[in-house]
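Shown next: data_23.pdb, containing PDB, C-alpha atoms.
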ATOM      1  CA  MET A   1      12.126  13.882  22.765
ATOM      2  CA  ASN A   2      10.938  11.503  20.047
ATOM      3  CA  LYS A   3       7.534   9.946  20.710
ATOM      4  CA  GLY A   4       7.471   7.746  17.610
ATOM      5  CA  PRO A   5       6.179   8.334  14.097
ATOM      6  CA  ARG A   6       4.376  11.585  13.417
ATOM      7  CA  PRO A   7       0.886  11.642  11.911
ATOM      8  CA  PHE A   8       0.467  12.682   8.281
ATOM      9  CA  TYR A   9      -2.952  14.306   8.086
ATOM     10  CA  ARG A  10      -6.091  14.986  10.089
ATOM     11  CA  LYS A  11      -9.098  12.728   9.780
ATOM     12  CA  ARG A  12     -12.355  14.440   8.948
ATOM     13  CA  GLN A  13     -13.592  13.899  12.499
ATOM     14  CA  GLY A  14     -10.755  16.113  13.741
ATOM     15  CA  GLY A  15      -8.432  13.346  14.940
ATOM     16  CA  LEU A  16      -5.056  12.551  13.464
ATOM     17  CA  ALA A  17      -4.315   9.525  11.303
ATOM     18  CA  HIS A  18      -1.088   7.578  11.568
ATOM     19  CA  ILE A  19       1.057   7.647   8.407
ATOM     20  CA  GLY A  20       0.734   3.856   8.144
ATOM     21  CA  GLU A  21      -3.047   4.169   7.849
ATOM     22  CA  VAL A  22      -2.673   6.788   5.129
ATOM     23  CA  ILE A  23      -0.254   4.645   3.113
ATOM     24  CA  ASP A  24      -2.388   1.515   3.516
ATOM     25  CA  ALA A  25      -5.474   3.410   2.337
ATOM     26  CA  LEU A  26      -3.614   4.921  -0.619
ATOM     27  CA  PHE A  27      -2.202   1.616  -1.873
ATOM     28  CA  ALA A  28      -5.480  -0.236  -1.333
ATOM     29  CA  SER A  29      -7.243   2.111  -3.741
ATOM     30  CA  PRO A  30      -8.372   0.358  -6.939
ATOM     31  CA  HIS A  31      -7.477   3.544  -8.838
ATOM     32  CA  TYR A  32      -3.814   3.476  -7.822
ATOM     33  CA  PRO A  33      -1.773   3.039 -11.042
ATOM     34  CA  ILE A  34       0.731   0.542  -9.609
ATOM     35  CA  ASP A  35       0.119  -2.989  -8.417
ATOM     36  CA  PHE A  36       2.825  -3.483  -5.851
ATOM     37  CA  GLU A  37       2.686  -7.244  -6.310
ATOM     38  CA  ASP A  38       4.118  -6.618  -9.790
ATOM     39  CA  MET A  39       7.171  -4.944  -8.256
ATOM     40  CA  LYS A  40       8.479  -8.415  -7.362
ATOM     41  CA  LEU A  41       9.449  -8.697 -11.023
ATOM     42  CA  TRP A  42      12.469  -6.412 -10.560
ATOM     43  CA  ARG A  43      13.781  -8.663  -7.786
ATOM     44  CA  LEU A  44      13.058 -11.904  -9.674
ATOM     45  CA  TRP A  45      14.131 -10.802 -13.174
ATOM     46  CA  ASP A  46      17.598 -12.430 -13.242
ATOM     47  CA  GLY A  47      16.166 -15.783 -12.189
ATOM     48  CA  ILE A  48      13.317 -15.542 -14.698
ATOM     49  CA  VAL A  49      15.342 -14.760 -17.830
ATOM     50  CA  GLY A  50      18.800 -15.953 -16.791
ATOM     51  CA  LYS A  51      21.968 -13.987 -16.109
ATOM     52  CA  LYS A  52      23.033 -13.745 -19.777
ATOM     53  CA  VAL A  53      19.785 -12.069 -20.849
ATOM     54  CA  ALA A  54      19.605 -10.003 -17.648
ATOM     55  CA  LYS A  55      22.965  -8.395 -18.519
ATOM     56  CA  HIS A  56      21.382  -6.970 -21.673
ATOM     57  CA  ALA A  57      17.730  -6.481 -20.703
ATOM     58  CA  ARG A  58      15.981  -5.047 -17.638
ATOM     59  CA  PRO A  59      12.339  -4.324 -16.885
ATOM     60  CA  ALA A  60      11.609  -0.594 -17.089
ATOM     61  CA  SER A  61       7.889  -0.357 -16.303
ATOM     62  CA  ILE A  62       4.574  -2.146 -16.145
ATOM     63  CA  LYS A  63       1.465  -0.255 -17.139
ATOM     64  CA  LYS A  64      -1.967  -1.728 -17.811
ATOM     65  CA  GLY A  65      -0.542  -5.217 -18.177
ATOM     66  CA  VAL A  66       2.225  -4.240 -20.598
ATOM     67  CA  LEU A  67       5.803  -4.826 -19.500
ATOM     68  CA  VAL A  68       8.371  -2.503 -21.062
ATOM     69  CA  VAL A  69      11.876  -3.936 -21.152
ATOM     70  CA  LYS A  70      14.962  -1.854 -21.960
ATOM     71  CA  VAL A  71      17.551  -3.760 -23.999
ATOM     72  CA  SER A  72      21.159  -2.883 -24.723
ATOM     73  CA  ASP A  73      20.992  -2.957 -28.538
ATOM     74  CA  SER A  74      18.882  -3.862 -31.558
ATOM     75  CA  VAL A  75      20.328  -7.388 -31.776
ATOM     76  CA  TRP A  76      19.053  -8.179 -28.284
ATOM     77  CA  LEU A  77      15.770  -6.453 -29.072
ATOM     78  CA  GLN A  78      15.195  -8.770 -32.029
ATOM     79  CA  GLU A  79      16.256 -11.873 -30.081
ATOM     80  CA  LEU A  80      13.926 -11.069 -27.193
ATOM     81  CA  GLU A  81      11.007 -10.214 -29.464
ATOM     82  CA  PHE A  82      11.229 -13.778 -30.767
ATOM     83  CA  ARG A  83      11.090 -14.994 -27.168
ATOM     84  CA  ALA A  84       8.430 -12.536 -25.941
ATOM     85  CA  HIS A  85       5.717 -15.167 -25.472
ATOM     86  CA  GLU A  86       8.069 -17.426 -23.519
ATOM     87  CA  ILE A  87       9.243 -14.533 -21.312
ATOM     88  CA  LYS A  88       5.647 -13.446 -20.683
ATOM     89  CA  GLU A  89       4.749 -16.965 -19.537
ATOM     90  CA  LEU A  90       7.810 -17.144 -17.276
ATOM     91  CA  VAL A  91       7.065 -13.741 -15.740
ATOM     92  CA  ASN A  92       3.422 -14.623 -15.074
ATOM     93  CA  ARG A  93       4.454 -17.947 -13.539
ATOM     94  CA  ALA A  94       6.980 -16.176 -11.292
ATOM     95  CA  LEU A  95       4.369 -13.591 -10.226
ATOM     96  CA  GLN A  96       1.836 -16.419  -9.771
ATOM     97  CA  ARG A  97      -0.865 -14.671 -11.786
ATOM     98  CA  GLU A  98      -1.616 -13.265 -15.231
ATOM     99  CA  ALA A  99      -0.021  -9.883 -14.541
ATOM    100  CA  ILE A 100       1.500  -9.376 -17.994
ATOM    101  CA  GLN A 101      -0.554  -9.472 -21.201
ATOM    102  CA  GLY A 102       2.164  -8.116 -23.479
ATOM    103  CA  ILE A 103       5.830  -7.111 -23.614
ATOM    104  CA  ARG A 104       7.416  -4.222 -25.496
ATOM    105  CA  PHE A 105      11.160  -4.105 -25.942
ATOM    106  CA  ARG A 106      12.937  -0.774 -26.332
ATOM    107  CA  VAL A 107      16.581  -0.063 -27.058
ATOM    108  CA  GLY A 108      17.987   1.972 -24.219
ATOM    109  CA  GLU A 109      20.222   1.804 -21.210
ATOM    110  CA  PRO A 110      19.078  -1.200 -19.160
ATOM    111  CA  LYS A 111      19.379  -0.005 -15.582
ATOM    112  CA  ALA A 112      21.545  -2.430 -13.672
ATOM    113  CA  LYS A 113      20.281  -4.067 -10.530
ATOM    114  CA  PRO A 114      21.491  -2.151  -7.459
ATOM    115  CA  SER A 115      24.618  -3.708  -5.971
ATOM    116  CA  LYS A 116      24.454  -5.091  -2.453
ATOM    117  CA  GLU A 117      27.436  -3.341  -0.915
TER     118      GLU A 117
END

Spell out the structure here as structure tokens.
Amino acid sequence: MNKGPRPFYRKRQGGLAHIGEVIDALFASPHYPIDFEDMKLWRLWDGIVGKKVAKHARPASIKKGVLVVKVSDSVWLQELEFRAHEIKELVNRALQREAIQGIRFRVGEPKAKPSKE
């Protein structure tokens, strides 16, 4: 008999905390290494840079304000390095804040956006 979600851990007072409370507390921590508002970038990327660029370049990570973008080859790497300032401005505008201070491009397999099957 399922009575709903199970608690994750015990509170110090001896009671149980709901998993939702634990997750909320974890993600609200100022020491958490990921700003989940920045995760919108993966969803918005194609619209930010356009479909042609998105075929050859995908965001890989954001850490301490630096966006790492994987590109398909060195030609695209050079092209996008010339446009880095423009892309940074577009990304920050899309995220509606100054989330990105710099962009690093790396040759590697740009992971394709998951298909909606």

Inset, instruction - Using all atoms listed in the file, find the one residue out of A:Leu90, A:Ala57, A:Leu67, A:Val75 that sits nearest to Glu109 of chain A. - result: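 For Glu109 of chain A, the nearest of the candidates is A:Ala57.
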
Legend entry - Residue IDs satisfying the PyMOL selection byres ((chain A and resi 42-51) around 10), as an MDAnalysis selection string: chainID A and resid 38:41 52:61 86:95 113

Legend entry - the PyMOL selection byres ((chain A and resi 76) around 10) resolved against shown file, as a count of residues only: 18

Inset, instruction - Could you tell me which of A:Glu37, A:Val69, A:Ala17, A:Pro110 comes closest to Glu98 of chain A if we count only C-alpha atoms? - result: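 Result for the nearest residue to Glu98 of chain A: A:Glu37.
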
Inset, instruction - Go ahead and compute the interatomic distance for atom CA of Arg104 of chain A and atom CA of Val66 of chain A, in Å to one decimal. - result: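 These atoms are spaced 7.1 Å apart.
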